[in-house]
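Structure record follows, encoded as structure tokens.
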Amino acid sequence: MHETIPRETFSFLNRLHENNNREWFTEHKKEFKEIEKEVKQFYNQLGSELGKHDKIDKVKLFRIYRDVRFSKDKTPYKTHFGGSFHRVKPALRGGYYLHIAPNNESFIATGFWEPNKDDLLRIRKEFEMDTTEIEKIINKKSFKNVWGEFEGDELKTAPRGFDKEHPAIDLIKKKQYIFTRKFTDTEVTSADFMEKVNDSFKAIRPFFNYMSDVLTTDLNGVSLLE
């Protein structure tokens with residue numbers, strides 16, 4: 001039987017939003033800990049489910065405390081739960097993220113949030129050379145029905161060294177390669193939410209397989225792992 005996200009999660013997070021201070025949180029910390037325990041169990045079981053069809057080396061549920069040192073917003077607590085699922089690197093690239101927030105703002109995300117300089121150049125060079133395979137993957141109807149279109153930041157024009165008239169410039173100028181899928185509060189607290197999330201993550205695998213192959217080989221297709 002799958003774990004579920006308790007309905008009380010959203011009620012607590014909404015109240016925390018209205019009372020985002022240490023006094024209120026301290027007074028309600030026992031309630032928070034009970035909810036956090038159930039949410040953590042959900043994340044851990046989801047990690048186990050992912051492990052049945054992917055290689056996951058770490059499940060990380062982020063802490064509720066905000067780092068306010070360099071932020072204008074000094075509220076001390078996050079008003080959501082967030083956690084990531086790390087694939088075994090360096091062979092397997094990409095990652096999974098689950099964000100639980102009230103008012104129908106929950107979502108899952110996959111892809112490449114901040115590829116390093118070398119990886120980003122390698123991806124762009126691949127797209128400069130040939131986009132047949134990536135376009136086949138992301139334009140497949142079954143894929144788009146789950147994940148829609150690419151999201152993420154991009155440059156206003158071509159990166160240095162690339163032709164701004166290149167037919168694949170829309171892919172080349174991206175700085176992030178991300179997909180997201182949103183869920184309502186009702187969906188998140190339903191009994192089949194874990195199954196929906198797991199199935200969605202399964203659907204991203206053709207993209208991950210392709211990008212992992214790109215990022216572990218050079219432009220001649222020679223493995224960088226040996």
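We name chains A, B, ... following the order of the structure tokens; residues begin at 1 in each chain, and ligands are numbered from 1 as shown.
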
Please provide as a JSON list (two decimals) with N, CA and C atoms, in the first residue's frame all residues within 10 Å of stretch 34-48 of chain A, with the sequence filter that same-chain residues fewer than 4 positions apart are discarded (counting only C-alpha atoms).
[["chain", "number", "residue", "atom", "x", "y", "z"],
["A", 2, "HIS", "N", 0.55, 2.20, -0.84],
["A", 2, "HIS", "CA", 1.35, 3.41, -0.96],
["A", 2, "HIS", "C", 1.05, 4.40, 0.15],
["A", 3, "GLU", "N", 2.10, 5.11, 0.58],
["A", 3, "GLU", "CA", 1.92, 6.22, 1.50],
["A", 3, "GLU", "C", 1.14, 7.34, 0.80],
["A", 4, "THR", "N", 0.51, 8.19, 1.59],
["A", 4, "THR", "CA", -0.21, 9.34, 1.03],
["A", 4, "THR", "C", 0.23, 10.61, 1.75],
["A", 5, "ILE", "N", 0.01, 11.74, 1.09],
["A", 5, "ILE", "CA", 0.26, 13.03, 1.71],
["A", 5, "ILE", "C", -0.96, 13.37, 2.58],
["A", 6, "PRO", "N", -0.79, 13.57, 3.89],
["A", 6, "PRO", "CA", -1.94, 13.85, 4.76],
["A", 6, "PRO", "C", -2.61, 15.17, 4.41],
["A", 7, "ARG", "N", -3.93, 15.19, 4.49],
["A", 7, "ARG", "CA", -4.69, 16.40, 4.17],
["A", 7, "ARG", "C", -4.30, 17.57, 5.08],
["A", 8, "GLU", "N", -3.88, 17.24, 6.30],
["A", 8, "GLU", "CA", -3.51, 18.29, 7.25],
["A", 8, "GLU", "C", -2.30, 19.10, 6.78],
["A", 9, "THR", "N", -1.55, 18.54, 5.83],
["A", 9, "THR", "CA", -0.35, 19.22, 5.33],
["A", 9, "THR", "C", -0.68, 20.61, 4.81],
["A", 10, "PHE", "N", -1.69, 20.71, 3.97],
["A", 10, "PHE", "CA", -2.03, 21.99, 3.36],
["A", 10, "PHE", "C", -2.59, 22.98, 4.37],
["A", 12, "PHE", "N", -1.82, 23.11, 7.54],
["A", 12, "PHE", "CA", -0.69, 23.60, 8.34],
["A", 12, "PHE", "C", 0.13, 24.61, 7.55],
["A", 29, "LYS", "N", 5.21, 23.23, 16.79],
["A", 29, "LYS", "CA", 6.27, 22.37, 16.25],
["A", 29, "LYS", "C", 5.91, 20.89, 16.34],
["A", 30, "LYS", "N", 5.21, 20.48, 17.37],
["A", 30, "LYS", "CA", 4.82, 19.07, 17.49],
["A", 30, "LYS", "C", 3.93, 18.67, 16.31],
["A", 52, "LYS", "N", 12.86, 0.99, -8.56],
["A", 52, "LYS", "CA", 12.46, -0.22, -9.27],
["A", 52, "LYS", "C", 12.67, -0.10, -10.78],
["A", 53, "HIS", "N", 12.77, 1.15, -11.27],
["A", 53, "HIS", "CA", 12.96, 1.33, -12.72],
["A", 53, "HIS", "C", 14.09, 2.31, -13.04],
["A", 54, "ASP", "N", 14.77, 2.82, -12.01],
["A", 54, "ASP", "CA", 15.91, 3.70, -12.21],
["A", 54, "ASP", "C", 16.90, 3.45, -11.08],
["A", 55, "LYS", "N", 18.09, 4.01, -11.20],
["A", 55, "LYS", "CA", 19.09, 3.86, -10.14],
["A", 55, "LYS", "C", 19.17, 5.16, -9.36],
["A", 56, "ILE", "N", 18.65, 5.14, -8.14],
["A", 56, "ILE", "CA", 18.59, 6.32, -7.28],
["A", 56, "ILE", "C", 19.58, 6.14, -6.14],
["A", 57, "ASP", "N", 20.47, 7.11, -5.96],
["A", 57, "ASP", "CA", 21.45, 6.97, -4.89],
["A", 57, "ASP", "C", 21.13, 7.81, -3.66],
["A", 58, "LYS", "N", 20.16, 8.73, -3.79],
["A", 58, "LYS", "CA", 19.85, 9.56, -2.62],
["A", 58, "LYS", "C", 18.47, 10.20, -2.75],
["A", 59, "VAL", "N", 17.72, 10.18, -1.63],
["A", 59, "VAL", "CA", 16.47, 10.92, -1.53],
["A", 59, "VAL", "C", 16.68, 12.01, -0.49],
["A", 60, "LYS", "N", 16.39, 13.24, -0.85],
["A", 60, "LYS", "CA", 16.65, 14.36, 0.05],
["A", 60, "LYS", "C", 15.41, 15.22, 0.22],
["A", 61, "LEU", "N", 14.86, 15.25, 1.44],
["A", 61, "LEU", "CA", 13.77, 16.15, 1.77],
["A", 61, "LEU", "C", 14.38, 17.41, 2.37],
["A", 62, "PHE", "N", 14.15, 18.55, 1.74],
["A", 62, "PHE", "CA", 14.77, 19.79, 2.19],
["A", 62, "PHE", "C", 14.16, 20.29, 3.51],
["A", 63, "ARG", "N", 14.96, 20.94, 4.29],
["A", 63, "ARG", "CA", 14.52, 21.45, 5.59],
["A", 63, "ARG", "C", 13.51, 22.59, 5.42],
["A", 64, "ILE", "N", 12.67, 22.77, 6.42],
["A", 64, "ILE", "CA", 11.63, 23.81, 6.39],
["A", 64, "ILE", "C", 12.21, 25.20, 6.63],
["A", 81, "PHE", "N", 6.83, 21.87, 1.11],
["A", 81, "PHE", "CA", 7.81, 20.80, 1.23],
["A", 81, "PHE", "C", 8.43, 20.58, -0.14],
["A", 82, "GLY", "N", 9.72, 20.32, -0.16],
["A", 82, "GLY", "CA", 10.40, 20.05, -1.42],
["A", 82, "GLY", "C", 11.44, 18.96, -1.22],
["A", 83, "GLY", "N", 11.60, 18.13, -2.21],
["A", 83, "GLY", "CA", 12.59, 17.07, -2.08],
["A", 83, "GLY", "C", 13.07, 16.60, -3.44],
["A", 84, "SER", "N", 14.29, 16.11, -3.48],
["A", 84, "SER", "CA", 14.89, 15.66, -4.74],
["A", 84, "SER", "C", 15.30, 14.20, -4.66],
["A", 85, "PHE", "N", 15.41, 13.60, -5.85],
["A", 85, "PHE", "CA", 15.77, 12.20, -5.99],
["A", 85, "PHE", "C", 16.93, 12.15, -6.97],
["A", 86, "HIS", "N", 18.11, 11.78, -6.46],
["A", 86, "HIS", "CA", 19.34, 11.86, -7.25],
["A", 86, "HIS", "C", 19.63, 10.54, -7.95],
["A", 96, "TYR", "N", 15.07, 14.22, -10.35],
["A", 96, "TYR", "CA", 13.64, 14.35, -10.10],
["A", 96, "TYR", "C", 13.40, 15.25, -8.90],
["A", 98, "LEU", "N", 10.08, 16.86, -6.31],
["A", 98, "LEU", "CA", 8.67, 16.90, -5.93],
["A", 98, "LEU", "C", 8.45, 18.07, -4.97],
["A", 100, "ILE", "N", 5.56, 20.12, -2.76],
["A", 100, "ILE", "CA", 4.23, 20.03, -2.16],
["A", 100, "ILE", "C", 3.87, 21.38, -1.55],
["A", 194, "MET", "N", 0.99, 8.90, -5.55],
["A", 194, "MET", "CA", 2.33, 8.35, -5.75],
["A", 194, "MET", "C", 2.44, 7.63, -7.08],
["A", 195, "GLU", "N", 1.40, 6.89, -7.44],
["A", 195, "GLU", "CA", 1.41, 6.18, -8.71],
["A", 195, "GLU", "C", 1.49, 7.16, -9.88],
["A", 197, "VAL", "N", 2.76, 10.22, -9.86],
["A", 197, "VAL", "CA", 4.10, 10.82, -9.88],
["A", 197, "VAL", "C", 5.11, 9.83, -10.44],
["A", 198, "ASN", "N", 5.06, 8.61, -9.96],
["A", 198, "ASN", "CA", 6.00, 7.60, -10.43],
["A", 198, "ASN", "C", 5.85, 7.33, -11.92]]

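Shell of A:Thr75 at 9 Å, with only C-alpha atoms counted and residues fewer than 5 places along the chain excluded, is A:Asn20, A:Asn21, A:Arg66, A:Val68.
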
Compile the contact shell of A:Ala91 as a PyMOL selection string: residues with an atom at most 9 Å away, counting only C-alpha atoms, same-chain residues fewer than 3 positions apart removed. chain A and resi 87-88+212-213+215-216+225

Neighbour list for A:Glu126 as an NGL selection string, cut-off 10 Å, only C-alpha atoms, skip fewer than 5 positions in-chain: :A and (120-121 or 131 or 134 or 172 or 211 or 214-215 or 218-219)

Near A:Met129, within 12 Å and counting only C-alpha atoms, which residues show up once chain neighbours fewer than 6 positions away are dropped, as number ranges by chain? A: 122-123, 162-163, 166-169, 171-172, 214, 219-220

Applying 12 Å and only C-alpha atoms, which residues near stretch 138-153 of chain A remain after dropping the ones on its own chain fewer than 2 positions away? List them as an NGL selection string. :A and (107-115 or 131-136 or 155-156 or 170-183 or 196-208 or 210-211)

Keeping only C-alpha atoms, write the selected residues to a file as a PDB file, in the first residue's frame.
ATOM      1  CA  PHE A 107       4.304  20.210  -8.971  1.00  0.00           C
ATOM      2  CA  ILE A 108       6.939  17.747 -10.067  1.00  0.00           C
ATOM      3  CA  ALA A 109       9.980  18.716 -12.104  1.00  0.00           C
ATOM      4  CA  THR A 110      12.656  16.878 -14.033  1.00  0.00           C
ATOM      5  CA  GLY A 111      15.597  17.710 -16.225  1.00  0.00           C
ATOM      6  CA  PHE A 112      18.641  19.930 -15.988  1.00  0.00           C
ATOM      7  CA  TRP A 113      18.212  22.959 -13.719  1.00  0.00           C
ATOM      8  CA  GLU A 114      21.756  24.342 -13.682  1.00  0.00           C
ATOM      9  CA  PRO A 115      23.992  22.392 -16.062  1.00  0.00           C
ATOM     10  CA  THR A 131      18.344  17.468 -33.262  1.00  0.00           C
ATOM     11  CA  THR A 132      16.585  14.543 -34.919  1.00  0.00           C
ATOM     12  CA  GLU A 133      16.605  12.317 -31.835  1.00  0.00           C
ATOM     13  CA  ILE A 134      15.762  14.943 -29.208  1.00  0.00           C
ATOM     14  CA  GLU A 135      12.901  16.303 -31.296  1.00  0.00           C
ATOM     15  CA  LYS A 136      11.530  12.800 -31.809  1.00  0.00           C
ATOM     16  CA  LEU A 155      19.452  33.628 -23.737  1.00  0.00           C
ATOM     17  CA  LYS A 156      17.868  36.386 -25.800  1.00  0.00           C
ATOM     18  CA  ASP A 170      15.498  27.735 -29.894  1.00  0.00           C
ATOM     19  CA  LEU A 171      17.066  24.657 -28.295  1.00  0.00           C
ATOM     20  CA  ILE A 172      20.645  25.934 -28.426  1.00  0.00           C
ATOM     21  CA  LYS A 173      19.987  29.220 -26.604  1.00  0.00           C
ATOM     22  CA  LYS A 174      18.403  27.560 -23.584  1.00  0.00           C
ATOM     23  CA  LYS A 175      20.296  27.679 -20.294  1.00  0.00           C
ATOM     24  CA  GLN A 176      18.024  25.147 -18.602  1.00  0.00           C
ATOM     25  CA  TYR A 177      16.254  22.059 -19.899  1.00  0.00           C
ATOM     26  CA  ILE A 178      13.334  21.476 -17.539  1.00  0.00           C
ATOM     27  CA  PHE A 179       9.899  19.897 -17.609  1.00  0.00           C
ATOM     28  CA  THR A 180       7.237  20.396 -14.940  1.00  0.00           C
ATOM     29  CA  ARG A 181       3.791  18.968 -14.231  1.00  0.00           C
ATOM     30  CA  LYS A 182       1.314  20.589 -11.835  1.00  0.00           C
ATOM     31  CA  PHE A 183      -1.127  18.922  -9.439  1.00  0.00           C
ATOM     32  CA  LYS A 196       0.754   9.281 -10.858  1.00  0.00           C
ATOM     33  CA  VAL A 197       4.097  10.824  -9.884  1.00  0.00           C
ATOM     34  CA  ASN A 198       6.004   7.598 -10.429  1.00  0.00           C
ATOM     35  CA  ASP A 199       4.383   7.029 -13.824  1.00  0.00           C
ATOM     36  CA  SER A 200       5.211  10.603 -14.819  1.00  0.00           C
ATOM     37  CA  PHE A 201       8.833  10.109 -13.859  1.00  0.00           C
ATOM     38  CA  LYS A 202       8.902   6.869 -15.855  1.00  0.00           C
ATOM     39  CA  ALA A 203       7.744   8.825 -18.895  1.00  0.00           C
ATOM     40  CA  ILE A 204      10.790  11.122 -18.744  1.00  0.00           C
ATOM     41  CA  ARG A 205      13.262   8.265 -19.175  1.00  0.00           C
ATOM     42  CA  PRO A 206      13.690   8.495 -22.981  1.00  0.00           C
ATOM     43  CA  PHE A 207      14.802  12.118 -22.461  1.00  0.00           C
ATOM     44  CA  PHE A 208      17.133  11.160 -19.609  1.00  0.00           C
ATOM     45  CA  TYR A 210      19.327  10.525 -24.516  1.00  0.00           C
ATOM     46  CA  MET A 211      20.856  13.310 -22.407  1.00  0.00           C
TER      47      MET A 211
END

Would you mind listing what lies within 12 Å of A:Glu18 as a CSV table (one decimal) with N, CA and C atoms, in the first residue's frame, with only C-alpha atoms counted and same-chain residues fewer than 5 positions away left out?
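Below you can see selection-v2.csv, which holds the result:
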chain,number,residue,atom,x,y,z
A,11,SER,N,-3.4,22.5,5.3
A,11,SER,CA,-3.9,23.3,6.4
A,11,SER,C,-2.8,24.0,7.2
A,12,PHE,N,-1.8,23.1,7.5
A,12,PHE,CA,-0.7,23.6,8.3
A,12,PHE,C,0.1,24.6,7.6
A,13,LEU,N,0.4,24.3,6.3
A,13,LEU,CA,1.2,25.2,5.5
A,13,LEU,C,0.5,26.6,5.3
A,24,TRP,N,5.1,31.4,16.7
A,24,TRP,CA,4.0,30.5,16.3
A,24,TRP,C,4.5,29.1,15.9
A,25,PHE,N,5.7,29.0,15.2
A,25,PHE,CA,6.2,27.7,14.8
A,25,PHE,C,6.6,26.9,16.0
A,75,THR,N,11.3,36.1,6.4
A,75,THR,CA,10.4,35.1,7.0
A,75,THR,C,11.2,33.8,7.2
A,77,TYR,N,10.6,30.6,7.6
A,77,TYR,CA,10.2,29.2,7.2
A,77,TYR,C,9.6,29.2,5.8
A,78,LYS,N,9.9,28.1,5.2
A,78,LYS,CA,9.3,27.8,3.9
A,78,LYS,C,7.8,27.4,4.1
A,79,THR,N,7.0,27.7,3.1
A,79,THR,CA,5.6,27.3,3.2
A,79,THR,C,5.3,26.2,2.2

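Put simply, atom CA of A:Gly51 is 15.6 Å away from atom CA of A:Asn209.
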
Apply DSSP to the structure's backbone, then extract all residues of stretch 101-132 of chain A labelled helix (DSSP H, G or I) and return them as a PyMOL selection string. chain A and resi 117-129+132

Output of the above residues as a PDB file, in the first residue's frame, restricted to N, CA, C and O atoms:
ATOM      1  N   LYS A 117      29.067  24.591 -16.972  1.00  0.00           N
ATOM      2  CA  LYS A 117      29.513  25.204 -18.224  1.00  0.00           C
ATOM      3  C   LYS A 117      29.865  24.171 -19.281  1.00  0.00           C
ATOM      4  O   LYS A 117      29.470  24.295 -20.451  1.00  0.00           O
ATOM      5  N   ASP A 118      30.596  23.129 -18.890  1.00  0.00           N
ATOM      6  CA  ASP A 118      31.022  22.112 -19.853  1.00  0.00           C
ATOM      7  C   ASP A 118      29.834  21.303 -20.371  1.00  0.00           C
ATOM      8  O   ASP A 118      29.746  21.005 -21.571  1.00  0.00           O
ATOM      9  N   ASP A 119      28.935  20.927 -19.459  1.00  0.00           N
ATOM     10  CA  ASP A 119      27.764  20.152 -19.874  1.00  0.00           C
ATOM     11  C   ASP A 119      26.866  20.972 -20.797  1.00  0.00           C
ATOM     12  O   ASP A 119      26.339  20.448 -21.795  1.00  0.00           O
ATOM     13  N   LEU A 120      26.675  22.244 -20.472  1.00  0.00           N
ATOM     14  CA  LEU A 120      25.819  23.092 -21.287  1.00  0.00           C
ATOM     15  C   LEU A 120      26.390  23.239 -22.701  1.00  0.00           C
ATOM     16  O   LEU A 120      25.654  23.170 -23.697  1.00  0.00           O
ATOM     17  N   LEU A 121      27.702  23.412 -22.797  1.00  0.00           N
ATOM     18  CA  LEU A 121      28.338  23.512 -24.115  1.00  0.00           C
ATOM     19  C   LEU A 121      28.197  22.210 -24.889  1.00  0.00           C
ATOM     20  O   LEU A 121      27.900  22.222 -26.089  1.00  0.00           O
ATOM     21  N   ARG A 122      28.360  21.099 -24.192  1.00  0.00           N
ATOM     22  CA  ARG A 122      28.243  19.780 -24.853  1.00  0.00           C
ATOM     23  C   ARG A 122      26.821  19.587 -25.395  1.00  0.00           C
ATOM     24  O   ARG A 122      26.635  19.093 -26.520  1.00  0.00           O
ATOM     25  N   ILE A 123      25.809  19.973 -24.607  1.00  0.00           N
ATOM     26  CA  ILE A 123      24.417  19.855 -25.057  1.00  0.00           C
ATOM     27  C   ILE A 123      24.176  20.727 -26.285  1.00  0.00           C
ATOM     28  O   ILE A 123      23.584  20.293 -27.271  1.00  0.00           O
ATOM     29  N   ARG A 124      24.648  21.954 -26.213  1.00  0.00           N
ATOM     30  CA  ARG A 124      24.452  22.877 -27.344  1.00  0.00           C
ATOM     31  C   ARG A 124      25.156  22.379 -28.605  1.00  0.00           C
ATOM     32  O   ARG A 124      24.617  22.485 -29.708  1.00  0.00           O
ATOM     33  N   LYS A 125      26.352  21.839 -28.442  1.00  0.00           N
ATOM     34  CA  LYS A 125      27.089  21.318 -29.601  1.00  0.00           C
ATOM     35  C   LYS A 125      26.346  20.136 -30.228  1.00  0.00           C
ATOM     36  O   LYS A 125      26.330  19.981 -31.450  1.00  0.00           O
ATOM     37  N   GLU A 126      25.723  19.323 -29.385  1.00  0.00           N
ATOM     38  CA  GLU A 126      24.953  18.192 -29.894  1.00  0.00           C
ATOM     39  C   GLU A 126      23.763  18.681 -30.705  1.00  0.00           C
ATOM     40  O   GLU A 126      23.483  18.176 -31.802  1.00  0.00           O
ATOM     41  N   PHE A 127      23.075  19.684 -30.180  1.00  0.00           N
ATOM     42  CA  PHE A 127      21.915  20.219 -30.887  1.00  0.00           C
ATOM     43  C   PHE A 127      22.331  20.957 -32.164  1.00  0.00           C
ATOM     44  O   PHE A 127      21.591  20.982 -33.140  1.00  0.00           O
ATOM     45  N   GLU A 128      23.513  21.552 -32.133  1.00  0.00           N
ATOM     46  CA  GLU A 128      24.023  22.209 -33.334  1.00  0.00           C
ATOM     47  C   GLU A 128      24.278  21.179 -34.433  1.00  0.00           C
ATOM     48  O   GLU A 128      24.047  21.451 -35.623  1.00  0.00           O
ATOM     49  N   MET A 129      24.699  19.999 -34.027  1.00  0.00           N
ATOM     50  CA  MET A 129      25.061  18.956 -34.975  1.00  0.00           C
ATOM     51  C   MET A 129      23.826  18.209 -35.498  1.00  0.00           C
ATOM     52  O   MET A 129      23.701  17.963 -36.699  1.00  0.00           O
ATOM     53  N   THR A 132      17.580  15.537 -34.502  1.00  0.00           N
ATOM     54  CA  THR A 132      16.585  14.543 -34.919  1.00  0.00           C
ATOM     55  C   THR A 132      16.072  13.732 -33.737  1.00  0.00           C
ATOM     56  O   THR A 132      14.857  13.574 -33.544  1.00  0.00           O
TER      57      THR A 132
END

Can you tell me, as a short mmCIF file (atom, residue, chain, number, x, y, z; two decimals) with C-alpha atoms, in the first residue's frame, which residues in stretch 111-221 of chain A count as strand (DSSP E or B) by DSSP?
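Output below, filename result.cif:
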data_model
loop_
_atom_site.label_atom_id
_atom_site.label_comp_id
_atom_site.auth_asym_id
_atom_site.auth_seq_id
_atom_site.Cartn_x
_atom_site.Cartn_y
_atom_site.Cartn_z
CA GLY A 111 15.60 17.71 -16.22
CA PHE A 112 18.64 19.93 -15.99
CA GLU A 151 10.65 25.30 -19.53
CA GLU A 154 17.27 31.04 -22.05
CA LYS A 174 18.40 27.56 -23.58
CA TYR A 177 16.25 22.06 -19.90
CA ILE A 178 13.33 21.48 -17.54
CA PHE A 179 9.90 19.90 -17.61
CA THR A 180 7.24 20.40 -14.94
CA ARG A 181 3.79 18.97 -14.23
CA LYS A 182 1.31 20.59 -11.84
CA PHE A 183 -1.13 18.92 -9.44
CA THR A 217 30.37 10.87 -24.72
#

May I ask which of the residues A:Thr26, A:Asn19, A:Ser106, A:Asn14 is the closest one to A:Phe193, counting only C-alpha atoms? A:Ser106

Go through A:Thr186, A:Gly161, A:Gly95, A:Pro76 and flag the residue nearest A:Glu23, using only C-alpha atoms for the distances. A:Pro76
